[in-house]
file upload.csv (CSV, C-alpha atoms and all ligand atoms)
chain,number,residue,atom,x,y,z
A,90,MET,CA,0.0,0.0,0.0
A,91,PHE,CA,2.8,2.4,0.8
A,92,SER,CA,5.5,3.9,-1.4
A,93,THR,CA,9.2,3.3,-0.9
A,94,ARG,CA,9.8,7.0,-0.4
A,95,THR,CA,9.6,6.6,3.4
A,96,PRO,CA,12.0,4.2,5.1
A,97,GLN,CA,11.0,0.5,5.1
A,98,ASP,CA,12.6,-0.2,8.5
A,99,LEU,CA,11.0,1.9,11.2
A,100,THR,CA,12.6,0.0,14.1
A,101,PRO,CA,14.0,2.5,16.7
A,102,ASN,CA,17.7,2.4,17.2
A,103,ARG,CA,19.3,1.4,20.6
A,104,LEU,CA,19.8,5.1,21.6
A,105,THR,CA,16.2,6.0,20.9
A,106,ASP,CA,15.1,2.9,23.0
A,107,ALA,CA,17.4,4.0,25.8
A,108,LEU,CA,16.1,7.5,25.7
A,109,ASN,CA,12.5,6.4,25.8
A,110,ALA,CA,13.3,4.2,28.8
A,111,ALA,CA,15.0,7.1,30.5
A,112,GLY,CA,12.0,9.3,29.8
A,113,ALA,CA,9.5,6.7,31.1
A,114,GLU,CA,11.5,6.3,34.3
A,115,GLY,CA,11.6,10.1,34.7
A,116,ARG,CA,15.4,10.2,34.7
A,117,ALA,CA,16.9,13.7,34.2
A,118,ILE,CA,19.1,13.8,31.1
A,119,LEU,CA,21.5,16.5,30.1
A,120,ASP,CA,20.8,16.9,26.4
A,121,LEU,CA,24.0,17.7,24.5
A,122,THR,CA,22.2,17.1,21.2
A,123,LEU,CA,20.0,20.2,21.4
A,124,SER,CA,19.5,21.9,18.1
A,125,ASN,CA,16.4,23.9,18.9
A,126,PRO,CA,17.5,27.5,19.6
A,127,THR,CA,14.0,28.3,21.1
A,128,ARG,CA,14.8,25.9,24.0
A,129,ALA,CA,18.3,27.1,24.7
A,130,GLY,CA,17.6,30.1,27.0
A,131,PHE,CA,18.2,33.0,24.5
A,132,GLU,CA,16.4,36.3,25.0
A,133,TYR,CA,14.2,37.1,22.1
A,134,PRO,CA,13.4,40.8,21.7
A,135,THR,CA,10.0,41.8,23.2
A,136,GLY,CA,7.3,41.9,20.6
A,137,LEU,CA,9.5,40.3,17.9
A,138,LEU,CA,6.5,38.4,16.5
A,139,ARG,CA,4.1,41.3,16.6
A,140,LEU,CA,4.0,41.8,12.9
A,141,LEU,CA,2.7,38.2,12.5
A,142,ALA,CA,-0.6,39.8,13.7
A,143,ASP,CA,-0.4,42.8,11.4
A,144,SER,CA,-3.7,43.5,9.6
A,145,ARG,CA,-2.0,43.4,6.2
A,146,GLY,CA,-1.8,39.7,6.7
A,147,LEU,CA,-5.6,39.5,6.3
A,148,THR,CA,-5.2,40.1,2.6
A,149,TYR,CA,-4.0,37.2,0.5
A,150,ALA,CA,-2.0,38.2,-2.5
A,151,PRO,CA,-0.4,35.0,-3.7
A,152,ALA,CA,3.1,35.3,-5.1
A,153,PRO,CA,5.0,32.2,-6.0
A,154,PHE,CA,8.4,33.5,-4.9
A,155,GLY,CA,7.0,35.6,-2.1
A,156,LEU,CA,6.1,39.3,-1.4
A,157,PRO,CA,8.6,41.8,-2.9
A,158,GLU,CA,9.3,43.4,0.5
A,159,ALA,CA,10.2,40.0,2.0
A,160,ARG,CA,12.4,39.1,-0.9
A,161,ALA,CA,14.1,42.5,-0.7
A,162,ALA,CA,14.8,41.9,3.0
A,163,VAL,CA,16.5,38.6,2.2
A,164,ALA,CA,18.6,40.3,-0.5
A,165,ARG,CA,19.6,42.9,2.2
A,166,ASP,CA,20.6,40.1,4.4
A,167,TYR,CA,22.9,38.7,1.7
A,168,ALA,CA,24.3,42.2,1.4
A,169,ARG,CA,24.9,42.3,5.1
A,170,ARG,CA,27.1,39.2,4.7
A,171,GLY,CA,28.9,40.8,1.8
A,172,PHE,CA,27.2,38.9,-1.1
A,173,PRO,CA,25.5,40.2,-4.1
A,174,ALA,CA,21.8,39.1,-4.4
A,175,THR,CA,18.9,40.7,-6.1
A,176,PRO,CA,15.3,40.2,-4.9
A,177,GLU,CA,14.3,39.0,-8.4
A,178,ARG,CA,16.6,36.0,-7.9
A,179,ILE,CA,15.3,35.0,-4.5
A,180,ALA,CA,12.5,32.5,-3.8
A,181,LEU,CA,11.0,32.1,-0.4
A,182,THR,CA,10.1,28.7,1.1
A,183,ALA,CA,8.8,27.6,4.4
A,184,SER,CA,12.0,25.9,5.5
A,185,THR,CA,15.4,24.9,4.1
A,186,SER,CA,14.2,21.3,3.9
A,187,GLU,CA,11.4,22.4,1.7
A,188,ALA,CA,13.9,24.4,-0.4
A,189,TYR,CA,15.7,21.1,-1.1
A,190,GLY,CA,12.4,19.5,-2.1
A,191,CYS,CA,11.8,22.4,-4.6
A,192,LEU,CA,15.3,22.1,-6.0
A,193,PHE,CA,15.1,18.4,-6.4
A,194,LYS,CA,11.8,18.8,-8.3
A,195,LEU,CA,13.5,21.5,-10.4
A,196,LEU,CA,16.7,19.5,-11.2
A,197,THR,CA,15.9,15.8,-11.0
A,198,ASP,CA,13.6,13.1,-12.3
A,199,ALA,CA,12.9,9.9,-10.4
A,200,GLY,CA,16.0,7.8,-10.2
A,201,ASP,CA,18.4,10.7,-10.7
A,202,GLU,CA,21.2,11.3,-8.3
A,203,VAL,CA,22.6,14.2,-6.2
A,204,LEU,CA,26.0,14.2,-4.6
A,205,VAL,CA,26.0,14.9,-0.8
A,206,PRO,CA,28.9,15.4,1.5
A,207,ARG,CA,29.8,12.7,4.0
A,208,PRO,CA,29.8,13.2,7.0
A,209,SER,CA,26.9,15.6,7.0
A,210,TYR,CA,23.4,16.3,8.1
A,211,PRO,CA,21.4,13.0,8.2
A,212,LEU,CA,18.2,14.5,6.7
A,213,PHE,CA,19.7,14.4,3.2
A,214,ASP,CA,18.8,10.7,2.7
A,215,HIS,CA,15.1,11.4,3.5
A,216,LEU,CA,14.9,14.6,1.5
A,217,ALA,CA,16.3,12.8,-1.5
A,218,SER,CA,14.2,9.7,-1.1
A,219,LEU,CA,11.0,11.6,-0.7
A,220,GLU,CA,11.7,13.0,-4.2
A,221,GLN,CA,12.7,9.6,-5.5
A,222,VAL,CA,16.3,10.8,-5.8
A,223,THR,CA,19.4,8.9,-4.7
A,224,ALA,CA,21.8,10.8,-2.4
A,225,ARG,CA,25.3,9.6,-3.4
A,226,PRO,CA,27.9,10.5,-0.9
A,227,TYR,CA,31.3,12.1,-1.6
A,228,ALA,CA,33.9,12.1,1.2
A,229,LEU,CA,35.1,15.0,3.3
A,230,ASP,CA,38.7,14.1,4.4
A,231,LEU,CA,38.9,14.0,8.1
A,232,ASP,CA,42.7,14.0,8.1
A,233,ALA,CA,42.8,17.1,5.8
A,234,GLY,CA,40.5,19.3,8.0
A,235,TRP,CA,37.4,18.0,6.2
A,236,ARG,CA,38.4,19.3,2.8
A,237,ILE,CA,36.5,17.8,-0.1
A,238,ASP,CA,38.0,14.5,-1.4
A,239,PHE,CA,37.7,15.3,-5.1
A,240,ASP,CA,38.7,11.8,-6.1
A,241,SER,CA,35.7,10.4,-4.3
A,242,LEU,CA,33.5,13.2,-5.6
A,243,GLU,CA,34.5,12.5,-9.2
A,244,ALA,CA,34.1,8.8,-8.7
A,245,ALA,CA,30.5,9.4,-7.5
A,246,VAL,CA,29.4,11.3,-10.6
A,247,THR,CA,27.3,9.1,-13.0
A,248,PRO,CA,25.2,9.9,-16.0
A,249,ARG,CA,22.3,10.4,-13.6
A,250,THR,CA,24.0,13.0,-11.4
A,251,ARG,CA,22.2,16.3,-11.5
A,252,ALA,CA,23.6,18.4,-8.7
A,253,ILE,CA,26.4,18.7,-6.2
A,254,LEU,CA,25.3,19.7,-2.7
A,255,ILE,CA,27.7,21.4,-0.3
A,256,VAL,CA,27.1,22.6,3.3
A,257,SER,CA,29.2,25.5,4.4
A,258,PRO,CA,29.9,25.5,7.2
A,259,ASN,CA,29.0,21.8,7.3
A,260,ASN,CA,26.9,20.2,10.0
A,261,PRO,CA,28.5,18.7,12.1
A,262,THR,CA,32.1,18.9,10.9
A,263,GLY,CA,32.1,22.8,11.0
A,264,SER,CA,34.2,23.1,7.8
A,265,PHE,CA,33.6,26.0,5.5
A,266,VAL,CA,34.1,25.2,1.8
A,267,LYS,CA,37.2,27.0,0.6
A,268,PRO,CA,37.6,29.2,-2.5
A,269,ASP,CA,39.8,26.7,-4.3
A,270,GLU,CA,37.2,24.0,-3.6
A,271,VAL,CA,34.4,26.1,-5.0
A,272,GLN,CA,36.5,26.7,-8.1
A,273,HIS,CA,37.1,23.0,-8.5
A,274,LEU,CA,33.4,22.2,-7.9
A,275,ALA,CA,32.5,24.8,-10.5
A,276,GLU,CA,34.8,23.2,-13.0
A,277,LEU,CA,33.3,19.7,-12.4
A,278,ALA,CA,29.8,21.1,-12.4
A,279,ALA,CA,30.4,22.8,-15.8
A,280,ALA,CA,32.1,19.6,-17.2
A,281,HIS,CA,29.1,17.4,-16.2
A,282,ASP,CA,26.3,19.9,-16.6
A,283,LEU,CA,25.4,19.9,-12.9
A,284,ALA,CA,24.0,22.6,-10.6
A,285,LEU,CA,25.6,23.5,-7.3
A,286,VAL,CA,23.4,23.7,-4.2
A,287,ALA,CA,25.1,25.4,-1.3
A,288,ASP,CA,23.4,25.1,2.1
A,289,GLU,CA,24.6,28.2,4.0
A,290,VAL,CA,22.2,28.0,6.9
A,291,PHE,CA,25.1,28.2,9.5
A,292,ALA,CA,27.1,30.8,7.5
A,293,ASP,CA,26.8,33.4,10.3
A,294,TYR,CA,28.4,31.2,12.9
A,295,GLU,CA,32.2,31.2,13.0
A,296,LEU,CA,34.2,29.2,15.6
A,297,THR,CA,37.6,29.9,14.2
A,298,HIS,CA,38.4,33.6,13.7
A,299,GLY,CA,38.7,34.5,10.1
A,300,ALA,CA,37.1,31.3,8.7
A,301,ARG,CA,34.0,33.0,7.4
A,302,ALA,CA,36.0,35.6,5.5
A,303,ALA,CA,38.2,32.9,4.1
A,304,ALA,CA,35.3,30.8,2.8
A,305,GLY,CA,34.5,30.2,-0.8
A,306,ARG,CA,31.9,32.6,-2.3
A,307,VAL,CA,29.3,30.6,-4.3
A,308,MET,CA,26.9,33.6,-4.7
A,309,GLU,CA,29.5,35.2,-6.9
A,310,ARG,CA,29.6,32.4,-9.5
A,311,ASP,CA,28.5,33.5,-12.9
A,312,ASP,CA,29.7,30.4,-14.7
A,313,ILE,CA,27.5,27.6,-13.2
A,314,LEU,CA,23.9,27.5,-12.0
A,315,THR,CA,24.2,27.9,-8.2
A,316,PHE,CA,21.6,27.9,-5.4
A,317,SER,CA,22.4,29.3,-2.0
A,318,LEU,CA,20.0,28.2,0.9
A,319,GLY,CA,19.4,30.0,4.1
A,320,GLY,CA,16.6,30.5,6.6
A,321,LEU,CA,15.4,32.1,9.8
A,322,SER,CA,15.7,28.9,11.7
A,323,LYS,CA,19.5,29.3,12.0
A,324,SER,CA,20.1,32.9,11.0
A,325,VAL,CA,17.9,34.4,13.8
A,326,GLY,CA,17.0,31.3,15.8
A,327,LEU,CA,13.4,31.1,14.7
A,328,PRO,CA,12.7,27.6,13.3
A,329,GLN,CA,9.1,27.7,14.3
A,330,VAL,CA,8.3,30.8,12.2
A,331,LYS,CA,9.0,28.8,9.0
A,332,LEU,CA,10.7,31.1,6.6
A,333,ALA,CA,13.7,30.1,4.4
A,334,TRP,CA,15.0,31.0,1.0
A,335,ILE,CA,16.8,30.0,-2.2
A,336,ALA,CA,19.0,32.6,-3.8
A,337,VAL,CA,20.0,31.9,-7.4
A,338,ALA,CA,23.2,32.8,-9.2
A,339,GLY,CA,24.9,31.8,-12.4
A,340,PRO,CA,24.8,32.7,-16.1
A,341,ASP,CA,21.9,35.0,-16.8
A,342,ASP,CA,20.2,32.8,-19.4
A,343,LEU,CA,20.4,29.7,-17.2
A,344,VAL,CA,19.2,31.6,-14.1
A,345,SER,CA,16.2,32.9,-16.0
A,346,ARG,CA,15.3,29.5,-17.3
A,347,ALA,CA,15.7,28.0,-13.8
A,348,LEU,CA,13.6,30.8,-12.2
A,349,GLU,CA,10.8,30.2,-14.7
A,350,ARG,CA,10.6,26.5,-13.7
A,351,LEU,CA,11.1,27.1,-10.0
A,352,GLU,CA,8.2,29.6,-10.2
A,353,ILE,CA,5.9,26.8,-11.3
A,354,ILE,CA,7.0,24.6,-8.4
A,355,CYS,CA,6.6,27.3,-5.8
A,356,ASP,CA,3.3,28.4,-7.3
A,357,THR,CA,1.9,24.9,-7.0
A,358,TYR,CA,2.4,24.9,-3.2
A,359,LEU,CA,2.4,28.6,-2.2
A,360,SER,CA,3.5,27.3,1.2
A,361,VAL,CA,4.9,30.5,2.8
A,362,SER,CA,2.3,32.3,4.9
A,363,THR,CA,1.5,35.9,4.2
A,364,PRO,CA,1.9,37.0,7.9
A,365,VAL,CA,5.5,35.7,8.0
A,366,GLN,CA,6.4,37.5,4.7
A,367,ILE,CA,5.0,40.7,6.2
A,368,ALA,CA,7.1,40.2,9.3
A,369,ALA,CA,10.2,39.1,7.5
A,370,PRO,CA,12.0,42.5,7.2
A,371,GLU,CA,11.6,43.1,10.9
A,372,LEU,CA,12.4,39.5,11.9
A,373,LEU,CA,15.7,39.7,9.9
A,374,GLU,CA,16.6,43.1,11.4
A,375,ARG,CA,15.6,42.6,15.0
A,376,GLY,CA,16.6,39.0,15.1
A,377,ALA,CA,20.3,40.1,14.8
A,378,ILE,CA,20.2,40.2,18.7
A,379,VAL,CA,19.4,36.6,18.8
A,380,ARG,CA,22.1,35.7,16.3
A,381,GLU,CA,24.6,37.5,18.4
A,382,GLN,CA,23.6,35.6,21.5
A,383,ILE,CA,23.8,32.3,19.6
A,384,ALA,CA,27.2,33.2,18.1
A,385,ARG,CA,28.6,34.1,21.5
A,386,ARG,CA,27.2,30.9,23.1
A,387,VAL,CA,28.6,28.5,20.5
A,388,SER,CA,31.9,30.2,20.6
A,389,VAL,CA,32.2,30.3,24.4
A,390,ASN,CA,31.2,26.6,24.6
A,391,TYR,CA,33.7,25.6,21.9
A,392,GLU,CA,36.6,27.5,23.4
A,393,ARG,CA,35.8,26.1,26.8
A,394,LEU,CA,35.7,22.6,25.5
A,395,LEU,CA,39.0,23.0,23.7
A,396,ARG,CA,40.7,24.1,26.9
A,397,LYS,CA,38.9,21.6,29.1
A,398,ALA,CA,39.5,18.5,27.0
A,399,ALA,CA,43.2,19.3,26.7
A,400,ALA,CA,43.5,19.7,30.5
A,401,ALA,CA,41.3,16.7,31.4
A,402,THR,CA,42.7,13.9,29.4
A,403,PRO,CA,45.1,13.3,26.6
A,404,ALA,CA,42.8,10.4,25.5
A,405,CYS,CA,40.2,12.8,24.0
A,406,ARG,CA,40.7,15.3,21.3
A,407,VAL,CA,38.4,18.1,20.1
A,408,LEU,CA,38.5,18.3,16.4
A,409,ALA,CA,39.2,21.8,15.0
A,410,SER,CA,35.9,23.4,13.8
A,411,GLU,CA,35.5,26.6,11.8
A,412,GLY,CA,31.9,27.2,12.3
A,413,GLY,CA,28.3,26.0,13.0
A,414,TRP,CA,26.7,24.8,16.2
A,415,SER,CA,28.5,21.5,16.9
A,416,ALA,CA,31.8,20.3,18.3
A,417,ILE,CA,33.3,16.9,17.6
A,418,LEU,CA,35.1,15.0,20.3
A,419,GLN,CA,37.3,12.1,19.4
A,420,VAL,CA,37.4,9.5,22.2
A,421,PRO,CA,39.2,6.2,22.8
A,422,SER,CA,37.7,3.2,21.0
A,423,LEU,CA,37.0,1.1,24.1
A,424,GLU,CA,33.6,0.1,22.9
A,425,SER,CA,31.3,0.7,19.9
A,426,GLU,CA,30.0,4.2,19.5
A,427,GLU,CA,26.5,3.0,20.0
A,428,GLY,CA,27.5,1.2,23.2
A,429,LEU,CA,29.3,4.3,24.4
A,430,VAL,CA,26.4,6.7,23.8
A,431,VAL,CA,23.9,4.3,25.4
A,432,ASN,CA,26.2,4.0,28.4
A,433,LEU,CA,26.7,7.7,28.6
A,434,LEU,CA,22.9,8.1,28.7
A,435,ASN,CA,22.2,5.3,31.2
A,436,GLU,CA,25.2,5.7,33.5
A,437,ASP,CA,26.1,9.4,33.2
A,438,GLY,CA,22.7,10.9,32.3
A,439,VAL,CA,24.1,12.7,29.3
A,440,LEU,CA,22.8,12.5,25.7
A,441,VAL,CA,25.2,12.9,22.8
A,442,HIS,CA,25.1,11.9,19.2
A,443,PRO,CA,27.4,9.3,17.9
A,444,GLY,CA,29.5,10.1,14.8
A,445,TYR,CA,27.9,7.3,12.9
A,446,PHE,CA,24.6,9.2,12.9
A,447,PHE,CA,26.3,11.6,10.5
A,448,ASP,CA,28.2,8.9,8.6
A,449,PHE,CA,31.7,9.5,9.9
A,450,PRO,CA,34.3,7.5,8.1
A,451,ARG,CA,35.3,5.7,11.3
A,452,GLU,CA,34.4,5.4,15.0
A,453,SER,CA,34.9,6.8,17.8
A,454,TYR,CA,33.5,10.4,17.6
A,455,LEU,CA,30.9,12.1,19.6
A,456,VAL,CA,29.0,15.1,18.3
A,457,LEU,CA,28.1,17.7,20.9
A,458,SER,CA,25.8,20.6,20.4
A,459,LEU,CA,27.3,24.0,21.3
A,460,LEU,CA,23.9,25.6,21.6
A,461,VAL,CA,23.3,24.2,25.1
A,462,SER,CA,23.5,26.8,28.0
A,463,GLU,CA,27.1,27.2,29.3
A,464,ALA,CA,26.2,25.6,32.6
A,465,HIS,CA,24.7,22.5,31.1
A,466,PHE,CA,27.4,22.2,28.5
A,467,ASP,CA,30.0,22.4,31.2
A,468,ASP,CA,28.3,19.8,33.3
A,469,GLY,CA,27.5,17.5,30.3
A,470,THR,CA,31.1,17.7,28.9
A,471,ASP,CA,32.5,17.0,32.4
A,472,ARG,CA,30.5,13.8,32.5
A,473,VAL,CA,31.7,12.7,29.1
A,474,LEU,CA,35.4,13.6,29.7
A,475,ARG,CA,35.4,12.0,33.2
A,476,ARG,CA,34.7,8.7,31.5
A,477,PHE,CA,38.0,8.8,29.7
A,478,ALA,CA,40.2,10.5,32.4
A,479,CYS,CA,42.6,8.0,33.8
A,480,PRO,CA,45.1,8.8,36.5
A,481,VAL,CA,48.4,10.0,35.0
A,482,ALA,CA,51.2,7.7,36.1
A,483,SER,CA,54.0,9.6,37.8
A,484,HIS,CA,57.6,8.6,36.7
A,485,GLU,CA,59.3,10.5,39.4
B,501,LIG,C1,22.8,21.9,7.4
B,501,LIG,C2,21.3,22.1,7.6
B,501,LIG,N1,20.5,22.5,6.6
B,501,LIG,C3,19.2,22.7,6.8
B,501,LIG,C4,18.6,22.4,8.0
B,501,LIG,C5,17.1,22.6,8.1
B,501,LIG,O1,16.8,23.9,8.3
B,501,LIG,P1,15.2,24.3,8.3
B,501,LIG,O2,14.8,24.4,9.7
B,501,LIG,O3,15.2,25.7,7.6
B,501,LIG,O4,14.5,23.3,7.5
B,501,LIG,C6,19.4,22.0,9.0
B,501,LIG,C7,18.8,21.7,10.3
B,501,LIG,O5,19.4,21.3,11.3
B,501,LIG,C8,20.8,21.8,8.8
B,501,LIG,O6,21.6,21.4,9.8

call {"tool": "encode", "arguments": {"input": "upload.csv", "output": "structure tokens"}}
result
Amino acid sequence: MFSTRTPQDLTPNRLTDALNAAGAEGRAILDLTLSNPTRAGFEYPTGLLRLLADSRGLTYAPAPFGLPEARAAVARDYARRGFPATPERIALTASTSEAYGCLFKLLTDAGDEVLVPRPSYPLFDHLASLEQVTARPYALDLDAGWRIDFDSLEAAVTPRTRAILIVSPNNPTGSFVKPDEVQHLAELAAAHDLALVADEVFADYELTHGARAAAGRVMERDDILTFSLGGLSKSVGLPQVKLAWIAVAGPDDLVSRALERLEIICDTYLSVSTPVQIAAPELLERGAIVREQIARRVSVNYERLLRKAAAATPACRVLASEGGWSAILQVPSLESEEGLVVNLLNEDGVLVHPGYFFDFPRESYLVLSLLVSEAHFDDGTDRVLRRFACPVASHE
């Protein structure tokens, strides 16, 4: 009766079972997987959502790509980050996930393929499979600071490949795609007639000073069809408001043809509410205060983890991260990642994600959310590190 677009095996994994059991027993868990900024103790400006009740929202004026003032506000936000974008080349969507759906409809037919970075954000497989597209992974090289392994990328290209996806900075590796990588990607995209889709939802969040400025600039490409994705959920910490966008760049003729087709897709759903479009300019402007709090939080937690892990135990290593909301801790391989995260949950009351959730090339990595309040992050990471701290033998 059911399509194969949704997973066939819906059995929960061991960590989900353990988490449900902890919940049923009422055990308090320190959640170091938090990705929801609205539950992380940030202060949102008073009345930030007041324009959602503006009476202009009572009039429905459907526009496939969104209202001009909302698209202009998004273009200004690109300008704030130093990128060229014109409102005419911006399409609004309800979320970045929906934006992927629109782009897969634009670029692929059933059975086509898109290339996705590995490790990365686990939703790609679902997003692709819901559109009957195969997400074929290409490797990011752990030992080279997560640079793109172009041999693996080229090997993944087939006659059915339609697009290369990049995430910059990537979730959870925190690596920005570099200018030479963007150049190489553009050459490959041109050679194989592929589009480039750049997920830049975390682009505002820098963990290594200068990493943002040194990143590759996809919005400046005029040689290949390029889509940059962003949204309020990360840029101003408002995932529940449901507004995201696609900005299109590339050769004029190709951009026009892509926009004509994208318009049909967006017009079919018209999924972005009028109130949120009316509120968008104010949300983007006043939300800057939330962005600053998030940026400070992730940076403080990251720096603290770096110092703490180095002092606590030589057995654990924090991988260098350039941006985003996560840190990666490499731990000794004393047990499987799954066993470790279940034991951390049951014995230490702390929830972390195992690297294999994100398709790390090998075990033993833990992914920790930097969004968590400083006090909880401190407590949670103490519990994790304590597990690996062994008394240092004295040779005196
Ligand atoms: C890299 C990346 N892209 C997109 C999204 C989804 O964003 P949205 O809430 O706009 O769908 C996430 C969510 O965690 C993400 O990590």

call {"tool": "residues_near_ligand", "arguments": {"input": "upload.csv", "ligand": "ligand LIG 501 (chain B)", "cutoff": "7 Å", "atoms": "all atoms listed in the file", "output": "compact mmCIF listing (two decimals) with C-alpha atoms, in the frame of the given file"}}
result
# COMPACT_ATOMS: atom_id res chain seq x y z
CA SER A 124 19.50 21.90 18.10
CA SER A 184 12.00 25.90 5.50
CA THR A 185 15.40 24.90 4.10
CA SER A 186 14.20 21.30 3.90
CA GLU A 187 11.40 22.40 1.70
CA TYR A 210 23.40 16.30 8.10
CA VAL A 256 27.10 22.60 3.30
CA ASN A 259 29.00 21.80 7.30
CA ASN A 260 26.90 20.20 10.00
CA ASP A 288 23.40 25.10 2.10
CA VAL A 290 22.20 28.00 6.90
CA GLY A 319 19.40 30.00 4.10
CA GLY A 320 16.60 30.50 6.60
CA LEU A 321 15.40 32.10 9.80
CA SER A 322 15.70 28.90 11.70
CA PRO A 328 12.70 27.60 13.30
CA ALA A 333 13.70 30.10 4.40

call {"tool": "atom_distance", "arguments": {"input": "upload.csv", "atom1": "CA of Leu318 in chain A", "atom2": "CA of Thr262 in chain A"}}
result
18.2 Å

call {"tool": "residues_around", "arguments": {"input": "upload.csv", "residues": "range 471-480 of chain A", "least_positions_apart": "3", "cutoff": "12 Å", "atoms": "all atoms listed in the file", "output": "PyMOL selection string"}}
result
chain A and resi 118-121+393-395+397-407+418-424+429-430+432-442+454-457+463-468+483

call {"tool": "write_last_selection", "arguments": {"input": "upload.csv", "atoms": "C-alpha atoms", "output": "PDB file, in the frame of the given file"}}
result
ATOM      1  CA  ILE A 118      19.100  13.800  31.100  1.00  0.00           C
ATOM      2  CA  LEU A 119      21.500  16.500  30.100  1.00  0.00           C
ATOM      3  CA  ASP A 120      20.800  16.900  26.400  1.00  0.00           C
ATOM      4  CA  LEU A 121      24.000  17.700  24.500  1.00  0.00           C
ATOM      5  CA  ARG A 393      35.800  26.100  26.800  1.00  0.00           C
ATOM      6  CA  LEU A 394      35.700  22.600  25.500  1.00  0.00           C
ATOM      7  CA  LEU A 395      39.000  23.000  23.700  1.00  0.00           C
ATOM      8  CA  LYS A 397      38.900  21.600  29.100  1.00  0.00           C
ATOM      9  CA  ALA A 398      39.500  18.500  27.000  1.00  0.00           C
ATOM     10  CA  ALA A 399      43.200  19.300  26.700  1.00  0.00           C
ATOM     11  CA  ALA A 400      43.500  19.700  30.500  1.00  0.00           C
ATOM     12  CA  ALA A 401      41.300  16.700  31.400  1.00  0.00           C
ATOM     13  CA  THR A 402      42.700  13.900  29.400  1.00  0.00           C
ATOM     14  CA  PRO A 403      45.100  13.300  26.600  1.00  0.00           C
ATOM     15  CA  ALA A 404      42.800  10.400  25.500  1.00  0.00           C
ATOM     16  CA  CYS A 405      40.200  12.800  24.000  1.00  0.00           C
ATOM     17  CA  ARG A 406      40.700  15.300  21.300  1.00  0.00           C
ATOM     18  CA  VAL A 407      38.400  18.100  20.100  1.00  0.00           C
ATOM     19  CA  LEU A 418      35.100  15.000  20.300  1.00  0.00           C
ATOM     20  CA  GLN A 419      37.300  12.100  19.400  1.00  0.00           C
ATOM     21  CA  VAL A 420      37.400   9.500  22.200  1.00  0.00           C
ATOM     22  CA  PRO A 421      39.200   6.200  22.800  1.00  0.00           C
ATOM     23  CA  SER A 422      37.700   3.200  21.000  1.00  0.00           C
ATOM     24  CA  LEU A 423      37.000   1.100  24.100  1.00  0.00           C
ATOM     25  CA  GLU A 424      33.600   0.100  22.900  1.00  0.00           C
ATOM     26  CA  LEU A 429      29.300   4.300  24.400  1.00  0.00           C
ATOM     27  CA  VAL A 430      26.400   6.700  23.800  1.00  0.00           C
ATOM     28  CA  ASN A 432      26.200   4.000  28.400  1.00  0.00           C
ATOM     29  CA  LEU A 433      26.700   7.700  28.600  1.00  0.00           C
ATOM     30  CA  LEU A 434      22.900   8.100  28.700  1.00  0.00           C
ATOM     31  CA  ASN A 435      22.200   5.300  31.200  1.00  0.00           C
ATOM     32  CA  GLU A 436      25.200   5.700  33.500  1.00  0.00           C
ATOM     33  CA  ASP A 437      26.100   9.400  33.200  1.00  0.00           C
ATOM     34  CA  GLY A 438      22.700  10.900  32.300  1.00  0.00           C
ATOM     35  CA  VAL A 439      24.100  12.700  29.300  1.00  0.00           C
ATOM     36  CA  LEU A 440      22.800  12.500  25.700  1.00  0.00           C
ATOM     37  CA  VAL A 441      25.200  12.900  22.800  1.00  0.00           C
ATOM     38  CA  HIS A 442      25.100  11.900  19.200  1.00  0.00           C
ATOM     39  CA  TYR A 454      33.500  10.400  17.600  1.00  0.00           C
ATOM     40  CA  LEU A 455      30.900  12.100  19.600  1.00  0.00           C
ATOM     41  CA  VAL A 456      29.000  15.100  18.300  1.00  0.00           C
ATOM     42  CA  LEU A 457      28.100  17.700  20.900  1.00  0.00           C
ATOM     43  CA  GLU A 463      27.100  27.200  29.300  1.00  0.00           C
ATOM     44  CA  ALA A 464      26.200  25.600  32.600  1.00  0.00           C
ATOM     45  CA  HIS A 465      24.700  22.500  31.100  1.00  0.00           C
ATOM     46  CA  PHE A 466      27.400  22.200  28.500  1.00  0.00           C
ATOM     47  CA  ASP A 467      30.000  22.400  31.200  1.00  0.00           C
ATOM     48  CA  ASP A 468      28.300  19.800  33.300  1.00  0.00           C
ATOM     49  CA  SER A 483      54.000   9.600  37.800  1.00  0.00           C
TER      50      SER A 483
END

call {"tool": "residues_around", "arguments": {"input": "upload.csv", "residues": "Val271 in chain A", "least_positions_apart": "5", "cutoff": "9 Å", "atoms": "all atoms listed in the file", "output": "ChimeraX atom specification"}}
result
/A:266,276,305-307

call {"tool": "residues_around", "arguments": {"input": "upload.csv", "residues": "Leu147 in chain A", "least_positions_apart": "6", "cutoff": "12 Å", "atoms": "all atoms listed in the file", "output": "list in words"}}
result
Leu140, Leu141, Ser362, Thr363, Pro364, Val365 and Ile367 of chain A

call {"tool": "write_last_selection", "arguments": {"input": "upload.csv", "atoms": "C-alpha atoms", "output": "JSON list (two decimals), in the coordinates of the input"}}
result
[["chain", "number", "residue", "atom", "x", "y", "z"],
["A", 140, "LEU", "CA", 4.00, 41.80, 12.90],
["A", 141, "LEU", "CA", 2.70, 38.20, 12.50],
["A", 362, "SER", "CA", 2.30, 32.30, 4.90],
["A", 363, "THR", "CA", 1.50, 35.90, 4.20],
["A", 364, "PRO", "CA", 1.90, 37.00, 7.90],
["A", 365, "VAL", "CA", 5.50, 35.70, 8.00],
["A", 367, "ILE", "CA", 5.00, 40.70, 6.20]]

call {"tool": "closest_residue", "arguments": {"input": "upload.csv", "among": "A:Glu243, A:Asp356, A:Asp98, A:Asp166", "to": "Arg375 in chain A", "atoms": "all atoms listed in the file"}}
result
A:Asp166
